[in-house]
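Containing PDB, C-alpha atoms, pLDDT in the B column: final.pdb.
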ATOM      1  CA  SER A 172       9.132  27.130   3.037  1.00 67.00           C
ATOM      2  CA  ARG A 173       9.243  23.385   2.676  1.00 74.00           C
ATOM      3  CA  GLY A 174       8.129  21.399  -0.325  1.00 69.00           C
ATOM      4  CA  PRO A 175       5.748  18.458  -0.286  1.00 69.00           C
ATOM      5  CA  SER A 176       6.579  15.370   1.739  1.00 75.00           C
ATOM      6  CA  ILE A 177       7.935  12.408  -0.163  1.00 75.00           C
ATOM      7  CA  GLY A 178       5.253  10.371   1.582  1.00 71.00           C
ATOM      8  CA  ALA A 179       2.565  12.504  -0.088  1.00 74.00           C
ATOM      9  CA  ARG A 180       3.458  11.449  -3.626  1.00 72.00           C
ATOM     10  CA  GLY A 181       0.472  10.738  -5.815  1.00 71.00           C
ATOM     11  CA  PRO A 182      -0.188   7.913  -8.250  1.00 71.00           C
ATOM     12  CA  GLY A 183       1.721   7.895 -11.507  1.00 71.00           C
ATOM     13  CA  THR A 184       4.910   9.309 -10.014  1.00 79.00           C
ATOM     14  CA  ARG A 185       8.310   7.810 -10.737  1.00 87.00           C
ATOM     15  CA  PRO A 186       9.193   4.618  -8.870  1.00 90.00           C
ATOM     16  CA  LEU A 187      11.363   4.937  -5.790  1.00 91.00           C
ATOM     17  CA  PHE A 188      14.274   2.754  -4.833  1.00 94.00           C
ATOM     18  CA  ALA A 189      16.001   2.933  -1.474  1.00 93.00           C
ATOM     19  CA  LEU A 190      19.535   1.903  -0.633  1.00 92.00           C
ATOM     20  CA  ALA A 191      19.226  -0.629   2.163  1.00 87.00           C
ATOM     21  CA  ALA A 192      21.372  -3.324   3.691  1.00 82.00           C
ATOM     22  CA  GLY A 193      19.923  -6.618   2.544  1.00 83.00           C
ATOM     23  CA  GLY A 194      18.078  -5.061  -0.399  1.00 89.00           C
ATOM     24  CA  GLU A 195      17.995  -6.649  -3.836  1.00 94.00           C
ATOM     25  CA  ASP A 196      21.463  -6.687  -5.413  1.00 94.00           C
ATOM     26  CA  ILE A 197      21.819  -3.421  -7.337  1.00 93.00           C
ATOM     27  CA  GLU A 198      23.697  -5.318 -10.068  1.00 92.00           C
ATOM     28  CA  THR A 199      20.569  -7.299 -10.978  1.00 92.00           C
ATOM     29  CA  VAL A 200      17.966  -4.511 -10.881  1.00 94.00           C
ATOM     30  CA  ASN A 201      16.664  -3.109 -14.162  1.00 92.00           C
ATOM     31  CA  PHE A 202      16.156   0.539 -13.276  1.00 93.00           C
ATOM     32  CA  PRO A 203      13.638   2.432 -15.411  1.00 92.00           C
ATOM     33  CA  ALA A 204      14.720   5.528 -17.331  1.00 88.00           C
ATOM     34  CA  ASP A 205      13.144   7.790 -14.700  1.00 90.00           C
ATOM     35  CA  PHE A 206      13.297   6.851 -11.018  1.00 92.00           C
ATOM     36  CA  GLY A 207      14.147   8.181  -7.594  1.00 91.00           C
ATOM     37  CA  LEU A 208      16.934   6.787  -5.420  1.00 93.00           C
ATOM     38  CA  LEU A 209      16.678   7.432  -1.696  1.00 91.00           C
ATOM     39  CA  VAL A 210      19.422   7.238   0.861  1.00 90.00           C
ATOM     40  CA  GLY A 211      18.243   6.953   4.423  1.00 80.00           C
ATOM     41  CA  GLU A 212      19.830   8.216   7.567  1.00 77.00           C
ATOM     42  CA  GLU A 213      22.827   6.203   8.634  1.00 72.00           C
ATOM     43  CA  GLY A 214      21.679   3.507  11.008  1.00 72.00           C
ATOM     44  CA  ARG A 215      17.953   4.278  10.664  1.00 75.00           C
ATOM     45  CA  GLY A 216      17.521   3.998   6.906  1.00 76.00           C
ATOM     46  CA  VAL A 217      14.498   5.444   5.111  1.00 81.00           C
ATOM     47  CA  PRO A 218      11.254   6.083   7.000  1.00 79.00           C
ATOM     48  CA  GLU A 219       8.856   3.158   7.214  1.00 82.00           C
ATOM     49  CA  GLY A 220       5.687   3.259   5.180  1.00 82.00           C
ATOM     50  CA  LEU A 221       7.210   4.621   1.974  1.00 84.00           C
ATOM     51  CA  ASP A 222       6.452   2.723  -1.213  1.00 86.00           C
ATOM     52  CA  VAL A 223      10.062   1.937  -2.129  1.00 90.00           C
ATOM     53  CA  ARG A 224      11.936  -1.019  -3.558  1.00 93.00           C
ATOM     54  CA  PRO A 225      15.010  -1.732  -1.409  1.00 92.00           C
ATOM     55  CA  VAL A 226      18.283  -2.242  -3.277  1.00 94.00           C
ATOM     56  CA  GLY A 227      21.671  -2.996  -1.815  1.00 89.00           C
ATOM     57  CA  ILE A 228      25.343  -3.084  -2.690  1.00 88.00           C
ATOM     58  CA  ARG A 229      27.199  -6.333  -2.209  1.00 85.00           C
ATOM     59  CA  HIS A 230      30.330  -5.995  -0.136  1.00 82.00           C
ATOM     60  CA  SER A 231      32.733  -8.116   1.845  1.00 78.00           C
ATOM     61  CA  SER A 232      31.424  -9.666   5.042  1.00 81.00           C
ATOM     62  CA  ASP A 233      34.459  -8.046   6.693  1.00 80.00           C
ATOM     63  CA  VAL A 234      32.731  -4.677   6.174  1.00 76.00           C
ATOM     64  CA  GLU A 235      29.884  -3.975   8.600  1.00 76.00           C
ATOM     65  CA  SER A 236      28.187  -1.344   6.436  1.00 76.00           C
ATOM     66  CA  LEU A 237      28.831   1.465   3.983  1.00 82.00           C
ATOM     67  CA  ASN A 238      28.688   5.166   4.769  1.00 83.00           C
ATOM     68  CA  ALA A 239      25.498   6.603   3.209  1.00 87.00           C
ATOM     69  CA  ALA A 240      27.343   9.086   0.977  1.00 89.00           C
ATOM     70  CA  VAL A 241      29.795   6.420  -0.182  1.00 89.00           C
ATOM     71  CA  ALA A 242      26.938   3.993  -0.885  1.00 90.00           C
ATOM     72  CA  LEU A 243      25.137   6.612  -2.969  1.00 93.00           C
ATOM     73  CA  GLY A 244      28.279   7.311  -4.991  1.00 95.00           C
ATOM     74  CA  ILE A 245      28.835   3.611  -5.663  1.00 92.00           C
ATOM     75  CA  ALA A 246      25.174   3.098  -6.576  1.00 94.00           C
ATOM     76  CA  LEU A 247      25.065   5.989  -9.042  1.00 95.00           C
ATOM     77  CA  TYR A 248      28.323   4.889 -10.627  1.00 94.00           C
ATOM     78  CA  ARG A 249      27.150   1.272 -11.052  1.00 92.00           C
ATOM     79  CA  ILE A 250      23.735   2.298 -12.417  1.00 92.00           C
ATOM     80  CA  ASN A 251      25.373   4.613 -14.958  1.00 92.00           C
ATOM     81  CA  GLN A 252      27.986   2.016 -15.881  1.00 90.00           C
ATOM     82  CA  ARG A 253      25.321  -0.647 -16.494  1.00 85.00           C
ATOM     83  CA  ARG A 254      23.237   1.738 -18.594  1.00 83.00           C
ATOM     84  CA  ASN A 255      26.236   2.582 -20.764  1.00 82.00           C
ATOM     85  CA  THR A 256      27.078  -1.120 -21.180  1.00 76.00           C
ATOM     86  CA  LEU A 257      23.495  -1.984 -22.135  1.00 64.00           C
ATOM     87  CA  ARG A 258      23.306   0.929 -24.567  1.00 65.00           C
ATOM     88  CA  ASP A 259      26.670   0.268 -26.237  1.00 63.00           C
ATOM     89  CA  PRO A 260      27.870  -3.306 -25.632  1.00 60.00           C
ATOM     90  CA  ALA A 261      31.523  -3.872 -26.468  1.00 58.00           C
TER
END
As structure tokens - that is how I would like this structure written.
Amino acid sequence: SRGPSIGARGPGTRPLFALAAGGEDIETVNFPADFGLLVGEEGRGVPEGLDVRPVGIRHSSDVESLNAAVALGIALYRINQRRNTLRDPA
């Protein structure tokens, strides 16, 4: 059986961010301790109507776009790296 739809989330749930071309630079976002990170379908992105904050990964203009799985890996790495830097500055 299937679980609840992400669109059926109630109030007070963790904030959602979505990887999106043209979203706010992921390097400048202060992610809360508990959040959700969505990766949409390649080409289509995340479904419209979701209450998400779009975040993006800067890349060379020579690159058209990033593969969804690669983008997720980069995003998780950068978020973790920033958290570790903020927690234990060198």
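What separates atom CA of Glu198 of chain A from atom CA of Arg229 of chain A is a distance of 8.7 Å.
Closest approach to Leu190 of chain A among A:Ile245, A:Gln252, A:Leu209, A:Gly220 is made by A:Leu209 (distances from only C-alpha atoms).
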Applied to the shown file, which residues does the PyMOL selection byres ((chain A and resi 227) around 9) return, written as a PDB file with C-alpha atoms, in the frame of the given file?
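Output file selection-v1.pdb follows:
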ATOM      1  CA  ALA A 189      16.001   2.933  -1.474  1.00 93.00           C
ATOM      2  CA  LEU A 190      19.535   1.903  -0.633  1.00 92.00           C
ATOM      3  CA  ALA A 191      19.226  -0.629   2.163  1.00 87.00           C
ATOM      4  CA  ALA A 192      21.372  -3.324   3.691  1.00 82.00           C
ATOM      5  CA  GLY A 193      19.923  -6.618   2.544  1.00 83.00           C
ATOM      6  CA  GLY A 194      18.078  -5.061  -0.399  1.00 89.00           C
ATOM      7  CA  GLU A 195      17.995  -6.649  -3.836  1.00 94.00           C
ATOM      8  CA  ASP A 196      21.463  -6.687  -5.413  1.00 94.00           C
ATOM      9  CA  ILE A 197      21.819  -3.421  -7.337  1.00 93.00           C
ATOM     10  CA  GLU A 198      23.697  -5.318 -10.068  1.00 92.00           C
ATOM     11  CA  PRO A 225      15.010  -1.732  -1.409  1.00 92.00           C
ATOM     12  CA  VAL A 226      18.283  -2.242  -3.277  1.00 94.00           C
ATOM     13  CA  ILE A 228      25.343  -3.084  -2.690  1.00 88.00           C
ATOM     14  CA  ARG A 229      27.199  -6.333  -2.209  1.00 85.00           C
ATOM     15  CA  ALA A 242      26.938   3.993  -0.885  1.00 90.00           C
ATOM     16  CA  ALA A 246      25.174   3.098  -6.576  1.00 94.00           C
TER      17      ALA A 246
END
> Exactly which residues make up the result of the PyMOL selection byres ((chain A and resi 221) around 12) on this file, given as a ChimeraX atom specification?
Replying inline: /A:176-181,186-189,209,211,216-220,222-225
> Which one of A:Arg185, A:Leu243, A:Tyr248, A:Ser231 sits closest to Phe206 of chain A if you count only C-alpha atoms?
Replying inline: A:Arg185
>> Just the number, please: distance in Å from atom CA of Asn238 of chain A to atom CA of Asn251 of chain A, one decimal.
In response: 20.0 Å
Segment 196-207 of chain A rebuilt with all heavy atoms, output as a PDB file, in the frame of the given file:
ATOM      1  N   ASP A 196      20.143  -7.048  -4.879  1.00 94.00           N
ATOM      2  CA  ASP A 196      21.463  -6.687  -5.413  1.00 94.00           C
ATOM      3  C   ASP A 196      21.310  -5.667  -6.539  1.00 94.00           C
ATOM      4  O   ASP A 196      20.651  -5.932  -7.547  1.00 94.00           O
ATOM      5  CB  ASP A 196      22.164  -7.941  -5.915  1.00 94.00           C
ATOM      6  CG  ASP A 196      23.572  -7.700  -6.421  1.00 94.00           C
ATOM      7  OD1 ASP A 196      24.033  -6.534  -6.437  1.00 94.00           O
ATOM      8  OD2 ASP A 196      24.229  -8.679  -6.803  1.00 94.00           O
ATOM      9  N   ILE A 197      21.925  -4.523  -6.378  1.00 93.00           N
ATOM     10  CA  ILE A 197      21.819  -3.421  -7.337  1.00 93.00           C
ATOM     11  C   ILE A 197      22.315  -3.832  -8.728  1.00 93.00           C
ATOM     12  O   ILE A 197      21.897  -3.267  -9.728  1.00 93.00           O
ATOM     13  CB  ILE A 197      22.567  -2.179  -6.815  1.00 93.00           C
ATOM     14  CG1 ILE A 197      22.072  -0.921  -7.513  1.00 93.00           C
ATOM     15  CG2 ILE A 197      24.065  -2.340  -6.934  1.00 93.00           C
ATOM     16  CD1 ILE A 197      22.498   0.347  -6.833  1.00 93.00           C
ATOM     17  N   GLU A 198      23.159  -4.854  -8.784  1.00 92.00           N
ATOM     18  CA  GLU A 198      23.697  -5.318 -10.068  1.00 92.00           C
ATOM     19  C   GLU A 198      22.652  -6.066 -10.890  1.00 92.00           C
ATOM     20  O   GLU A 198      22.828  -6.249 -12.092  1.00 92.00           O
ATOM     21  CB  GLU A 198      24.908  -6.226  -9.836  1.00 92.00           C
ATOM     22  CG  GLU A 198      26.056  -5.563  -9.115  1.00 92.00           C
ATOM     23  CD  GLU A 198      26.744  -4.489  -9.936  1.00 92.00           C
ATOM     24  OE1 GLU A 198      26.697  -4.553 -11.178  1.00 92.00           O
ATOM     25  OE2 GLU A 198      27.339  -3.586  -9.336  1.00 92.00           O
ATOM     26  N   THR A 199      21.574  -6.515 -10.264  1.00 92.00           N
ATOM     27  CA  THR A 199      20.569  -7.299 -10.978  1.00 92.00           C
ATOM     28  C   THR A 199      19.283  -6.525 -11.245  1.00 92.00           C
ATOM     29  O   THR A 199      18.381  -7.040 -11.895  1.00 92.00           O
ATOM     30  CB  THR A 199      20.220  -8.571 -10.181  1.00 92.00           C
ATOM     31  OG1 THR A 199      19.610  -8.196  -8.938  1.00 92.00           O
ATOM     32  CG2 THR A 199      21.445  -9.416  -9.921  1.00 92.00           C
ATOM     33  N   VAL A 200      19.189  -5.304 -10.746  1.00 94.00           N
ATOM     34  CA  VAL A 200      17.966  -4.511 -10.881  1.00 94.00           C
ATOM     35  C   VAL A 200      17.966  -3.797 -12.228  1.00 94.00           C
ATOM     36  O   VAL A 200      18.963  -3.202 -12.630  1.00 94.00           O
ATOM     37  CB  VAL A 200      17.862  -3.470  -9.737  1.00 94.00           C
ATOM     38  CG1 VAL A 200      16.678  -2.555  -9.943  1.00 94.00           C
ATOM     39  CG2 VAL A 200      17.803  -4.166  -8.389  1.00 94.00           C
ATOM     40  N   ASN A 201      16.840  -3.862 -12.918  1.00 92.00           N
ATOM     41  CA  ASN A 201      16.664  -3.109 -14.162  1.00 92.00           C
ATOM     42  C   ASN A 201      15.954  -1.803 -13.806  1.00 92.00           C
ATOM     43  O   ASN A 201      14.726  -1.782 -13.667  1.00 92.00           O
ATOM     44  CB  ASN A 201      15.857  -3.911 -15.177  1.00 92.00           C
ATOM     45  CG  ASN A 201      16.636  -5.081 -15.714  1.00 92.00           C
ATOM     46  OD1 ASN A 201      17.819  -4.961 -16.012  1.00 92.00           O
ATOM     47  ND2 ASN A 201      16.002  -6.217 -15.831  1.00 92.00           N
ATOM     48  N   PHE A 202      16.720  -0.755 -13.639  1.00 93.00           N
ATOM     49  CA  PHE A 202      16.156   0.539 -13.276  1.00 93.00           C
ATOM     50  C   PHE A 202      15.475   1.157 -14.493  1.00 93.00           C
ATOM     51  O   PHE A 202      16.013   1.121 -15.593  1.00 93.00           O
ATOM     52  CB  PHE A 202      17.256   1.481 -12.771  1.00 93.00           C
ATOM     53  CG  PHE A 202      17.816   1.087 -11.442  1.00 93.00           C
ATOM     54  CD1 PHE A 202      18.934   0.274 -11.356  1.00 93.00           C
ATOM     55  CD2 PHE A 202      17.230   1.526 -10.274  1.00 93.00           C
ATOM     56  CE1 PHE A 202      19.458  -0.097 -10.130  1.00 93.00           C
ATOM     57  CE2 PHE A 202      17.741   1.166  -9.044  1.00 93.00           C
ATOM     58  CZ  PHE A 202      18.856   0.350  -8.968  1.00 93.00           C
ATOM     59  N   PRO A 203      14.293   1.752 -14.285  1.00 92.00           N
ATOM     60  CA  PRO A 203      13.638   2.432 -15.411  1.00 92.00           C
ATOM     61  C   PRO A 203      14.403   3.696 -15.781  1.00 92.00           C
ATOM     62  O   PRO A 203      15.307   4.123 -15.054  1.00 92.00           O
ATOM     63  CB  PRO A 203      12.252   2.766 -14.852  1.00 92.00           C
ATOM     64  CG  PRO A 203      12.426   2.792 -13.378  1.00 92.00           C
ATOM     65  CD  PRO A 203      13.520   1.830 -13.057  1.00 92.00           C
ATOM     66  N   ALA A 204      14.038   4.309 -16.882  1.00 88.00           N
ATOM     67  CA  ALA A 204      14.720   5.528 -17.331  1.00 88.00           C
ATOM     68  C   ALA A 204      14.559   6.663 -16.324  1.00 88.00           C
ATOM     69  O   ALA A 204      15.456   7.480 -16.151  1.00 88.00           O
ATOM     70  CB  ALA A 204      14.196   5.952 -18.690  1.00 88.00           C
ATOM     71  N   ASP A 205      13.430   6.707 -15.648  1.00 90.00           N
ATOM     72  CA  ASP A 205      13.144   7.790 -14.700  1.00 90.00           C
ATOM     73  C   ASP A 205      12.765   7.170 -13.357  1.00 90.00           C
ATOM     74  O   ASP A 205      11.784   6.426 -13.278  1.00 90.00           O
ATOM     75  CB  ASP A 205      11.992   8.645 -15.240  1.00 90.00           C
ATOM     76  CG  ASP A 205      11.765   9.911 -14.437  1.00 90.00           C
ATOM     77  OD1 ASP A 205      12.678  10.347 -13.722  1.00 90.00           O
ATOM     78  OD2 ASP A 205      10.653  10.449 -14.513  1.00 90.00           O
ATOM     79  N   PHE A 206      13.558   7.425 -12.338  1.00 92.00           N
ATOM     80  CA  PHE A 206      13.297   6.851 -11.018  1.00 92.00           C
ATOM     81  C   PHE A 206      13.915   7.735  -9.951  1.00 92.00           C
ATOM     82  O   PHE A 206      14.718   8.618 -10.241  1.00 92.00           O
ATOM     83  CB  PHE A 206      13.861   5.427 -10.916  1.00 92.00           C
ATOM     84  CG  PHE A 206      15.361   5.357 -10.981  1.00 92.00           C
ATOM     85  CD1 PHE A 206      16.124   5.348  -9.826  1.00 92.00           C
ATOM     86  CD2 PHE A 206      16.021   5.318 -12.195  1.00 92.00           C
ATOM     87  CE1 PHE A 206      17.506   5.300  -9.888  1.00 92.00           C
ATOM     88  CE2 PHE A 206      17.399   5.263 -12.276  1.00 92.00           C
ATOM     89  CZ  PHE A 206      18.147   5.254 -11.114  1.00 92.00           C
ATOM     90  N   GLY A 207      13.548   7.489  -8.728  1.00 91.00           N
ATOM     91  CA  GLY A 207      14.147   8.181  -7.594  1.00 91.00           C
ATOM     92  C   GLY A 207      14.959   7.188  -6.787  1.00 91.00           C
ATOM     93  O   GLY A 207      14.583   6.014  -6.660  1.00 91.00           O
TER      94      GLY A 207
END
